[in-house]
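Participant: Encoded as structure tokens, here's the structure I'll be asking about.
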Amino acid sequence: MEKYYEAIESFHKKHKMKGTNNEEMTFRLNLMTEELGELAQAVTKGKTRKEFVEENVDIFNLIIGNLISTGVTLQEFEKSFWAKHQKIMNRKRKKVNGKYRVSEFRK
């Protein structure tokens, strides 16, 4: 994960994003919404595997950029990731409307 974080951090530095609208979360959320729409099109319109992977990479890059833009360190992210991972690993699988889900089900 470190090399991805460093790569996106270098992109932010190269384009001097610190203190600009590029680091505002509203702007970034709009970018993520746009990219999620492109991923949805790749899936629903039967685009190529290459296009599907590329759209996922775009979203992944934006997520890392969100962390960098808000000052979240790689160590902080990794700690949160593993805490969440442990939580979701303890969830039960449940069939809902004929499809399986692994969610936090509430009564």
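Every chain in the structure tokens has a letter given in the order shown (A, B, ...), and although residue numbers restart at 1 in each chain, ligands are simply numbered from 1 in the order shown.
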Using only C-alpha atoms, which residues sit within 10 Å of A:Ile88 once same-chain residues fewer than 4 positions away are excluded, as a VMD selection string?
Facilitator: chain A and resid 82 to 84 92 102 to 104
Participant: If you run DSSP on the backbone here, which positions in chain A get alpha helix (DSSP H)? Please write them as number ranges by chain.
Facilitator: A: 2-14, 25-44, 49-69, 74-89
Participant: Mind checking which residues fall within 12 Å of A:Leu36, counting only C-alpha atoms, ignoring those fewer than 6 positions away in the same chain, and posting them as a list of chain:residue names?
Facilitator: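 Near neighbours after the sequence-gap exclusion: A:Leu29, A:Asn30, A:Ala42, A:Val43, A:Phe52, A:Glu54, A:Glu55, A:Asn56, A:Val57, A:Asp58, A:Ile59, A:Phe60, A:Leu62, A:Ile63.
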Participant: Kindly save the residues from that selection, with N, CA and C atoms included, as a tab-separated table (two decimals), in the first residue's frame.
Facilitator:
chain	number	residue	atom	x	y	z
A	29	LEU	N	-15.64	14.44	-3.66
A	29	LEU	CA	-16.81	13.55	-3.68
A	29	LEU	C	-17.51	13.60	-5.04
A	30	ASN	N	-17.55	14.78	-5.63
A	30	ASN	CA	-18.12	14.89	-6.98
A	30	ASN	C	-17.29	14.08	-7.99
A	42	ALA	N	-19.23	0.71	-17.10
A	42	ALA	CA	-18.36	-0.39	-17.52
A	42	ALA	C	-19.01	-1.73	-17.23
A	43	VAL	N	-19.73	-1.81	-16.11
A	43	VAL	CA	-20.40	-3.05	-15.73
A	43	VAL	C	-21.69	-3.25	-16.52
A	52	PHE	N	-13.01	-1.91	-17.14
A	52	PHE	CA	-13.50	-2.16	-15.79
A	52	PHE	C	-12.38	-1.96	-14.77
A	54	GLU	N	-9.61	-0.23	-15.17
A	54	GLU	CA	-9.19	1.17	-15.18
A	54	GLU	C	-10.12	2.04	-14.33
A	55	GLU	N	-11.41	1.79	-14.40
A	55	GLU	CA	-12.36	2.58	-13.59
A	55	GLU	C	-12.17	2.30	-12.10
A	56	ASN	N	-11.85	1.07	-11.76
A	56	ASN	CA	-11.55	0.75	-10.36
A	56	ASN	C	-10.27	1.44	-9.90
A	57	VAL	N	-9.28	1.50	-10.77
A	57	VAL	CA	-8.04	2.20	-10.44
A	57	VAL	C	-8.31	3.69	-10.22
A	58	ASP	N	-9.16	4.28	-11.05
A	58	ASP	CA	-9.51	5.70	-10.86
A	58	ASP	C	-10.11	5.93	-9.47
A	59	ILE	N	-11.02	5.06	-9.06
A	59	ILE	CA	-11.65	5.20	-7.75
A	59	ILE	C	-10.62	4.98	-6.64
A	60	PHE	N	-9.79	3.99	-6.80
A	60	PHE	CA	-8.74	3.70	-5.82
A	60	PHE	C	-7.81	4.91	-5.65
A	62	LEU	N	-8.51	8.03	-6.27
A	62	LEU	CA	-9.25	9.11	-5.60
A	62	LEU	C	-9.36	8.85	-4.09
A	63	ILE	N	-9.57	7.61	-3.70
A	63	ILE	CA	-9.65	7.29	-2.28
A	63	ILE	C	-8.33	7.61	-1.58
Participant: From the list A:Arg106, A:Gln75, A:Gly65, A:Glu6, which residue is nearest A:Lys18 when using only C-alpha atoms?
Facilitator: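 Closest residue, counting only C-alpha atoms: A:Gly65.
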Participant: Using only C-alpha atoms, determine which residues lie at most 9 Å from A:Glu9, disregarding the query and same-chain residues fewer than 5 positions distant; provide the list as a CSV table (one decimal) with all heavy atoms, in the first residue's frame.
Facilitator:
chain,number,residue,atom,x,y,z
A,4,TYR,N,1.6,2.8,-3.4
A,4,TYR,CA,0.4,3.5,-4.0
A,4,TYR,C,0.2,4.9,-3.4
A,4,TYR,O,0.0,5.9,-4.0
A,4,TYR,CB,-0.9,2.7,-3.9
A,4,TYR,CG,-0.7,1.3,-4.5
A,4,TYR,CD1,-0.8,0.2,-3.7
A,4,TYR,CD2,-0.5,1.1,-5.9
A,4,TYR,CE1,-0.7,-1.1,-4.2
A,4,TYR,CE2,-0.4,-0.1,-6.4
A,4,TYR,CZ,-0.5,-1.2,-5.6
A,4,TYR,OH,-0.4,-2.5,-6.1
A,14,LYS,N,3.2,17.2,-7.4
A,14,LYS,CA,3.5,17.7,-8.8
A,14,LYS,C,2.5,18.7,-9.3
A,14,LYS,O,2.9,19.7,-9.9
A,14,LYS,CB,3.5,16.5,-9.8
A,14,LYS,CG,3.7,16.9,-11.2
A,14,LYS,CD,3.6,15.7,-12.2
A,14,LYS,CE,3.8,16.2,-13.6
A,14,LYS,NZ,3.7,15.2,-14.6
A,64,ILE,N,-7.2,7.2,-2.2
A,64,ILE,CA,-5.9,7.5,-1.6
A,64,ILE,C,-5.7,9.1,-1.6
A,64,ILE,O,-5.3,9.6,-0.6
A,64,ILE,CB,-4.8,6.9,-2.4
A,64,ILE,CG1,-4.9,5.3,-2.3
A,64,ILE,CG2,-3.4,7.3,-1.9
A,64,ILE,CD1,-4.0,4.6,-3.2
A,65,GLY,N,-6.2,9.7,-2.6
A,65,GLY,CA,-6.1,11.2,-2.7
A,65,GLY,C,-6.9,11.8,-1.6
A,65,GLY,O,-6.5,12.9,-1.0
A,68,ILE,N,-4.8,11.7,1.6
A,68,ILE,CA,-3.7,12.7,1.5
A,68,ILE,C,-4.3,14.1,1.7
A,68,ILE,O,-3.7,14.9,2.4
A,68,ILE,CB,-3.0,12.5,0.2
A,68,ILE,CG1,-2.2,11.2,0.2
A,68,ILE,CG2,-2.0,13.7,-0.1
A,68,ILE,CD1,-1.7,10.8,-1.2
